[in-house]
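Here is the structure we will look at.
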Amino acid sequence: MSHEINPVINMIVFALFVAVTLFIVFRVSRQKASAAEFYAGNRSFSGPQNGIAISGDYLSAASFLGICGAIAMAGYDGFLYSIGFLVAWLVALLLVAELLRNTGKFTMADVLSFRLNQRPVRLAASLTTLAVCFFYLIAQMAGAGGLVALLLGLEGKLPTALTVVVVGLLMIVYVIVGGMKGTTWVQIIKAVLLVVGVGILAILVLGRYGFNFSAVLDEAIAMSPDGEAILAPGLKYPNPVDFLSLGLALVLGTAGLPHVLMRFYTVPSGKEARRSVVWAIWIIGIFYVLTLILGYGAAALVGPEVLADPSTPGGENAAAPLLALAIGGPVLMAVVSAIAFATILAVVAGLAITAATSFAHDIYASVIRKGEVPADDEVKIARWTVVAIGILAIVGGVVALGQNVAFLVALAFAVAASANLPTILFSLFWKRFNTGGALFSMIGGLAACLILIVLSPAVSGNEKAMFPGADFDLFPLSNPGIVSIPLGFLLGIVGTFVTKSEPDHEAKAAEMEVRAFTGAGAEGASDH
Amino acid sequence: MSDLSRSPDPLSVAERSIAVQQSEDFQRLRRSFLSFIVPLTVLFLAWYLLYVILAGWTHEFFAIKVFGNVNVGLLFGFGQVITTFAITMFYRSWADKRYDPHAEAIRAEMESGEILEDSATPGAGQGAADRDSAAPERSDGLADPGHAPGRHRADVPEEGDQR
């Protein structure tokens with residue numbers, strides 16, 4: 001087995017992907033895009049298209065490289081992650097997607113401000129949206145930038161930082177030029193490449209072992225220093241309470257991720273939003289089953305010892321590319337690396353447009369300008385926000401390079417589950433819920449997550465922490481979910497009872513309920 | 001001449017919303033949705049929590065081999081995947097066949113802008129939609145701001161709608 005990485009082939013395949021996606025983004029772009037076009041692609045995507053794009057938005061580098069690596073190293077515990085990521089979609093399907101699509105327009109805050117006092121609610125919702133996007137973005141940029149640099153054969157701090165800059169700049173171009181339409185197509189292309197690539201790789205792995213999964217596991221056991229323990233849980237998460245906390249954040253966080261919510265607005269109706277989620281669930285579910293094969297395949301064919309070796313570029317995260325190298329040589333590896341690169345770009349583009357929309361539509365147009373702003377100006381501000389977010393993400397990504405920022409993704413899910421989901425569910429299903437409840441829940445949920453994570457072992461108190469030298473790990477769990485999620489729901493209830501509702505509360509609640517359940521008056525597709 | 005004195009203007013969105021919301025028809029729709037969704041949600045969340053708890057606290061149970069190297073843990077994991085797919089398709093077929101036609105009828109009633117006095121009886125929504133053949137297919141009925149002074153905006157307020 002050769003470990004030779006061929007940076008030239010890798011670079012060519014990367015360049016090809018960038019060229020194709022840029023071409024498409026420029027083709028679908030319009031100089032003077034309306035708000036509905038820039039934020040929601042005119043709501044003209046079909047359910048299946050949006051379902052594929054949702055998978056492209058959701059399956060991040062953490063899902064692909066991270067889970068393959070985690071399964072290769074720690075076996076079963078990596079799979080636990082995938083299950084949480086998948087089952088979470090039922091919350092989105094049953095409770096959120098259609099009702100949100102029917103009541104909102106571009107952002108999560110649209111739904112909340114339908115019947116609540118819109119300026120404070122928009123401000124708070126924007127804050128949680130920006131927080132989630134920012135944590136997620138930094139995690140993607142830092143982890144991915146490092147990996148791509150290594151796959152290209154670039155070593156040292158400068159080339160790695162340069163890769164982060166290139167990823168950031170490409171993200172800015174995709175989003176500014178293509179808006180939601182361009183971003184969606186990048187996500188669709190990426191999702192197709194990812195699922196097809198992972199599918200082929202899985203078939204090749206199984207083919208090696210006569211299509212006998214149990215034989216793959218035999219070899220993985222033989223290669224692992226942990227032996228049969230890789231087939232059972234416990235290697236990665238020795239503390240079950242910690243895992244329960246993470247599991248809650250995963251299953252309840254997905255339906256509160258702002259970049260996922262925003263995708264529901266790109267289809268013409270609630271029914272299409274439902275179809276999108278059905279498609280997404282199938283694609284995501286099949287993908288995670290395939291990563292199980294790839295993960296154990298990498299354990300068998302690459303081996304945990306190689307992945308744990310500090311001289312292996314990318315370490316654990318390189319499990320999937322190295323598996324491709326072992327099984328199909330440098331060309332297949334180049335393809336898989338390019339897919340990983342595509343994955344990063346599609347996810348960061350989705351995050352950037354979500355953050356920009358939230359700032360321009362909620363903070364700038366509604367809070368700062370009090371709604372008196374021409375739609376053209378709003379889109380202009382959104383485009384400038386993309387530049388600002390891109391720069392922030394590049395700087396944050398470079399600063400975070402080499403730091404252990406893996407906890408940021410889990411934190412993003414925890415914030416989504418504690419600050420976003422309770423407010424969304426209450427405003428859709430609980431008539432009495434009011435502005436006070438929303439503010440308590442969003443601000444309290446966000447604050448609880450941030451405080452607990454700062455006090456957690458992910459930040460200080462051990463050698464794997466962000467600040468290994470410091471010692472203020474008062475909270476014993478690395479994920480705040482088990483405390484912050486119930487707190488978010490509780491604060492929503494308490495806030496509602498201790499504050500007064502607006503005088504037109506009842507009429508607004510009635511209007512919202514009728515609209516949520518029937519789609520009456522919902523924003524439809526627009527033609528341009 | 002009570003017939004002529006009736007205003008040709010549709011009721012305000014707020015009045016219409018409350019009328020529709022309180023109609024027997026809408027209440028039936030809401031009940032059918034919740035009685036489908038709530039048990040299903042409780043079920044899949046409980047099933048997932050059971051999985052996470054077993055995975056966390058009973059490593060030996062998950063390690064029991066069933067056939068070849070495939071153990072209880074892997075089968076449990078696949079079980080989660082399969083139930084997720086099953087619930088997805090079950091919900092989809094229910095929503096397409098049962099929920100959508102009912103919701104569509106109430107939506108047409110709401111958007112036609114004409115709530116009949118007898119809208120409290122089931123089927124009134126269909127009647128309203130049939131009678132007003134000019135009823136726009138979608139939101140235009142609500143988006144038209146010409147009538148009904150003092151109505152609430154139907155779309156999410158973009159203007160500085162201070163409340």
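Going by the structure tokens order, chains are called A, B, ..., each with residues numbered from 1, while ligands are numbered from 1 in the order shown.
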| request: Run DSSP on the backbone of this structure and report the residues of segment 163-246 of chain A it assigns to alpha helix (DSSP H), as a ChimeraX atom specification. | output: /A:163-208,213-223,240-246
Which neighbours of Ala62 of chain A fall inside 10 Å, counting only C-alpha atoms, when residues of the same chain fewer than 5 positions from it are skipped, and could you give them as a PDB file with C-alpha atoms, in the first residue's frame?
ATOM      1  CA  ILE A  67     -17.370  10.403  11.146  1.00  0.00           C
ATOM      2  CA  CYS A  68     -15.319   8.129   8.850  1.00  0.00           C
ATOM      3  CA  GLY A  69     -12.274   8.946  10.965  1.00  0.00           C
ATOM      4  CA  ALA A  70     -14.125   8.494  14.242  1.00  0.00           C
ATOM      5  CA  ALA A 139     -15.106  25.005  12.855  1.00  0.00           C
ATOM      6  CA  GLN A 140     -15.422  24.341   9.116  1.00  0.00           C
ATOM      7  CA  GLY A 143     -10.604  22.041  10.336  1.00  0.00           C
ATOM      8  CA  ALA A 144     -11.085  22.083   6.606  1.00  0.00           C
ATOM      9  CA  ASN A 317      -9.681  13.153   9.385  1.00  0.00           C
ATOM     10  CA  ALA A 340     -14.177  16.828   0.748  1.00  0.00           C
ATOM     11  CA  THR A 343     -18.275  19.659   0.975  1.00  0.00           C
ATOM     12  CA  ILE A 344     -16.525  22.431   2.852  1.00  0.00           C
ATOM     13  CA  ALA A 406     -14.019  20.312  17.204  1.00  0.00           C
ATOM     14  CA  VAL A 409     -19.922  22.094  15.880  1.00  0.00           C
TER      15      VAL A 409
END
Q. What residues in chain A lie within 6 Å of chain B, counting only C-alpha atoms, written as a PyMOL selection string?
A. chain A and resi 114+214+232-233+240+370-371+507+510-511+518+520-521
- Name the residues in contact with segment 432-437 of chain A at a cut-off of 10 Å, using only C-alpha atoms, excluding same-chain residues fewer than 3 positions from it; report them as a PyMOL selection string. chain A and resi 112-113+115-118+120-121+422-423+425-429+440-442+488-502+505-506+509
Just C-alpha atoms for this one: save the residues we selected as a JSON list (two decimals), in the first residue's frame.
[["chain", "number", "residue", "atom", "x", "y", "z"],
["A", 112, "LEU", "CA", -41.38, 34.49, 15.42],
["A", 113, "SER", "CA", -42.19, 38.10, 14.59],
["A", 115, "ARG", "CA", -47.27, 37.49, 16.11],
["A", 116, "LEU", "CA", -44.66, 38.75, 18.56],
["A", 117, "ASN", "CA", -43.24, 42.22, 18.97],
["A", 118, "GLN", "CA", -40.99, 42.17, 16.00],
["A", 120, "PRO", "CA", -36.78, 42.77, 20.00],
["A", 121, "VAL", "CA", -37.64, 39.30, 18.73],
["A", 422, "PRO", "CA", -38.05, 26.05, 21.92],
["A", 423, "THR", "CA", -39.07, 29.43, 20.51],
["A", 425, "LEU", "CA", -42.08, 25.20, 18.60],
["A", 426, "PHE", "CA", -43.78, 27.46, 21.14],
["A", 427, "SER", "CA", -44.66, 30.09, 18.59],
["A", 428, "LEU", "CA", -46.08, 27.45, 16.25],
["A", 429, "PHE", "CA", -47.98, 25.34, 18.76],
["A", 440, "PHE", "CA", -36.28, 34.73, 27.79],
["A", 441, "SER", "CA", -35.87, 31.50, 25.87],
["A", 442, "MET", "CA", -33.56, 32.77, 23.14],
["A", 488, "GLY", "CA", -34.46, 26.99, 27.02],
["A", 489, "PHE", "CA", -37.92, 25.40, 27.08],
["A", 490, "LEU", "CA", -38.48, 26.31, 30.72],
["A", 491, "LEU", "CA", -37.50, 29.95, 30.20],
["A", 492, "GLY", "CA", -39.94, 30.15, 27.29],
["A", 493, "ILE", "CA", -42.76, 29.11, 29.64],
["A", 494, "VAL", "CA", -41.66, 31.30, 32.55],
["A", 495, "GLY", "CA", -41.13, 34.33, 30.29],
["A", 496, "THR", "CA", -44.60, 33.94, 28.86],
["A", 497, "PHE", "CA", -46.25, 33.88, 32.27],
["A", 498, "VAL", "CA", -44.33, 36.77, 33.84],
["A", 499, "THR", "CA", -44.80, 39.20, 30.94],
["A", 500, "LYS", "CA", -47.81, 40.76, 29.26],
["A", 501, "SER", "CA", -49.01, 39.94, 25.75],
["A", 502, "GLU", "CA", -49.67, 42.53, 23.07],
["A", 505, "HIS", "CA", -52.21, 38.92, 20.49],
["A", 506, "GLU", "CA", -55.31, 36.83, 19.91],
["A", 509, "ALA", "CA", -52.19, 34.11, 16.95]]
Test item: residues at most 8 Å from segment 88-98 of chain A, only C-alpha atoms, excluding those fewer than 4 positions along its chain, as a ChimeraX atom specification | /A:84,102,250-255,261,264,270-271,273-274,277-278,281,424-425,516 /B:37,41,84,87-88,91
Would you mind exporting the chosen residues as a PDB file, in the first residue's frame, restricted to N, CA and C atoms?
ATOM      1  N   GLY A  84     -27.717  10.161  15.545  1.00  0.00           N
ATOM      2  CA  GLY A  84     -28.299  11.403  16.052  1.00  0.00           C
ATOM      3  C   GLY A  84     -28.556  12.395  14.934  1.00  0.00           C
ATOM      4  N   ASN A 102     -44.861  27.815   5.790  1.00  0.00           N
ATOM      5  CA  ASN A 102     -46.129  28.518   5.605  1.00  0.00           C
ATOM      6  C   ASN A 102     -46.151  29.893   6.263  1.00  0.00           C
ATOM      7  N   LEU A 250     -27.840  16.893  19.373  1.00  0.00           N
ATOM      8  CA  LEU A 250     -27.884  16.515  17.956  1.00  0.00           C
ATOM      9  C   LEU A 250     -29.319  16.361  17.491  1.00  0.00           C
ATOM     10  N   VAL A 251     -30.127  15.635  18.272  1.00  0.00           N
ATOM     11  CA  VAL A 251     -31.464  15.292  17.782  1.00  0.00           C
ATOM     12  C   VAL A 251     -32.402  16.507  17.805  1.00  0.00           C
ATOM     13  N   LEU A 252     -32.183  17.411  18.760  1.00  0.00           N
ATOM     14  CA  LEU A 252     -33.066  18.584  18.821  1.00  0.00           C
ATOM     15  C   LEU A 252     -32.460  19.808  18.142  1.00  0.00           C
ATOM     16  N   GLY A 253     -31.172  19.749  17.836  1.00  0.00           N
ATOM     17  CA  GLY A 253     -30.514  20.924  17.262  1.00  0.00           C
ATOM     18  C   GLY A 253     -30.762  21.104  15.775  1.00  0.00           C
ATOM     19  N   THR A 254     -30.830  19.988  15.063  1.00  0.00           N
ATOM     20  CA  THR A 254     -30.930  20.076  13.598  1.00  0.00           C
ATOM     21  C   THR A 254     -32.096  20.958  13.144  1.00  0.00           C
ATOM     22  N   ALA A 255     -33.267  20.751  13.764  1.00  0.00           N
ATOM     23  CA  ALA A 255     -34.446  21.498  13.330  1.00  0.00           C
ATOM     24  C   ALA A 255     -34.378  22.959  13.771  1.00  0.00           C
ATOM     25  N   LEU A 261     -33.076  25.778   8.297  1.00  0.00           N
ATOM     26  CA  LEU A 261     -34.410  26.395   8.256  1.00  0.00           C
ATOM     27  C   LEU A 261     -34.570  27.245   7.001  1.00  0.00           C
ATOM     28  N   PHE A 264     -35.874  25.843   3.684  1.00  0.00           N
ATOM     29  CA  PHE A 264     -37.296  25.555   3.477  1.00  0.00           C
ATOM     30  C   PHE A 264     -38.003  26.673   2.703  1.00  0.00           C
ATOM     31  N   GLY A 270     -45.624  24.636   1.309  1.00  0.00           N
ATOM     32  CA  GLY A 270     -45.397  23.752   2.441  1.00  0.00           C
ATOM     33  C   GLY A 270     -45.276  22.297   2.000  1.00  0.00           C
ATOM     34  N   LYS A 271     -46.075  21.943   1.013  1.00  0.00           N
ATOM     35  CA  LYS A 271     -46.041  20.563   0.512  1.00  0.00           C
ATOM     36  C   LYS A 271     -44.669  20.240  -0.086  1.00  0.00           C
ATOM     37  N   ALA A 273     -41.944  21.720   0.780  1.00  0.00           N
ATOM     38  CA  ALA A 273     -41.003  21.671   1.908  1.00  0.00           C
ATOM     39  C   ALA A 273     -41.004  20.267   2.505  1.00  0.00           C
ATOM     40  N   ARG A 274     -42.212  19.671   2.603  1.00  0.00           N
ATOM     41  CA  ARG A 274     -42.318  18.300   3.112  1.00  0.00           C
ATOM     42  C   ARG A 274     -41.556  17.347   2.189  1.00  0.00           C
ATOM     43  N   VAL A 277     -37.821  17.489   2.692  1.00  0.00           N
ATOM     44  CA  VAL A 277     -37.289  16.795   3.866  1.00  0.00           C
ATOM     45  C   VAL A 277     -37.303  15.287   3.642  1.00  0.00           C
ATOM     46  N   VAL A 278     -38.346  14.787   2.972  1.00  0.00           N
ATOM     47  CA  VAL A 278     -38.389  13.349   2.691  1.00  0.00           C
ATOM     48  C   VAL A 278     -37.166  12.949   1.859  1.00  0.00           C
ATOM     49  N   ILE A 281     -34.011  13.134   4.019  1.00  0.00           N
ATOM     50  CA  ILE A 281     -33.873  12.031   4.981  1.00  0.00           C
ATOM     51  C   ILE A 281     -33.343  10.773   4.287  1.00  0.00           C
ATOM     52  N   ILE A 424     -39.249  28.347  18.335  1.00  0.00           N
ATOM     53  CA  ILE A 424     -39.955  27.977  17.107  1.00  0.00           C
ATOM     54  C   ILE A 424     -41.177  27.127  17.452  1.00  0.00           C
ATOM     55  N   LEU A 425     -40.970  26.100  18.279  1.00  0.00           N
ATOM     56  CA  LEU A 425     -42.084  25.201  18.603  1.00  0.00           C
ATOM     57  C   LEU A 425     -43.178  25.922  19.377  1.00  0.00           C
ATOM     58  N   ALA A 516     -50.309  28.700   9.333  1.00  0.00           N
ATOM     59  CA  ALA A 516     -49.346  27.613   9.531  1.00  0.00           C
ATOM     60  C   ALA A 516     -49.950  26.275   9.123  1.00  0.00           C
TER      61      ALA A 516
ATOM     62  N   ILE B  37     -49.295  13.687  14.738  1.00  0.00           N
ATOM     63  CA  ILE B  37     -47.905  14.089  14.963  1.00  0.00           C
ATOM     64  C   ILE B  37     -47.418  13.793  16.382  1.00  0.00           C
ATOM     65  N   THR B  41     -44.156  11.669  17.405  1.00  0.00           N
ATOM     66  CA  THR B  41     -42.979  12.364  17.921  1.00  0.00           C
ATOM     67  C   THR B  41     -42.536  11.756  19.250  1.00  0.00           C
ATOM     68  N   THR B  84     -36.623   5.514  11.118  1.00  0.00           N
ATOM     69  CA  THR B  84     -36.648   6.883  10.591  1.00  0.00           C
ATOM     70  C   THR B  84     -37.242   6.905   9.185  1.00  0.00           C
ATOM     71  N   ILE B  87     -41.099   6.080   9.453  1.00  0.00           N
ATOM     72  CA  ILE B  87     -41.923   7.191   9.941  1.00  0.00           C
ATOM     73  C   ILE B  87     -42.036   8.267   8.868  1.00  0.00           C
ATOM     74  N   THR B  88     -40.910   8.511   8.176  1.00  0.00           N
ATOM     75  CA  THR B  88     -40.919   9.500   7.100  1.00  0.00           C
ATOM     76  C   THR B  88     -41.965   9.162   6.044  1.00  0.00           C
ATOM     77  N   TYR B  91     -45.634   9.318   7.457  1.00  0.00           N
ATOM     78  CA  TYR B  91     -46.117  10.690   7.564  1.00  0.00           C
ATOM     79  C   TYR B  91     -46.411  11.269   6.187  1.00  0.00           C
TER      80      TYR B  91
END
Nearest to Leu75 of chain B among A:Tyr39, A:Phe17, A:Phe79, A:Phe23, with distances taken over only C-alpha atoms: which residue is it?
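Result for the nearest residue to Leu75 of chain B: A:Phe79.
Residue nearest Gly199 of chain A within the list A:Leu244, A:Ile293, A:Leu235, A:Gly66: A:Ile293 [criterion: smallest interatomic distance, only C-alpha atoms].
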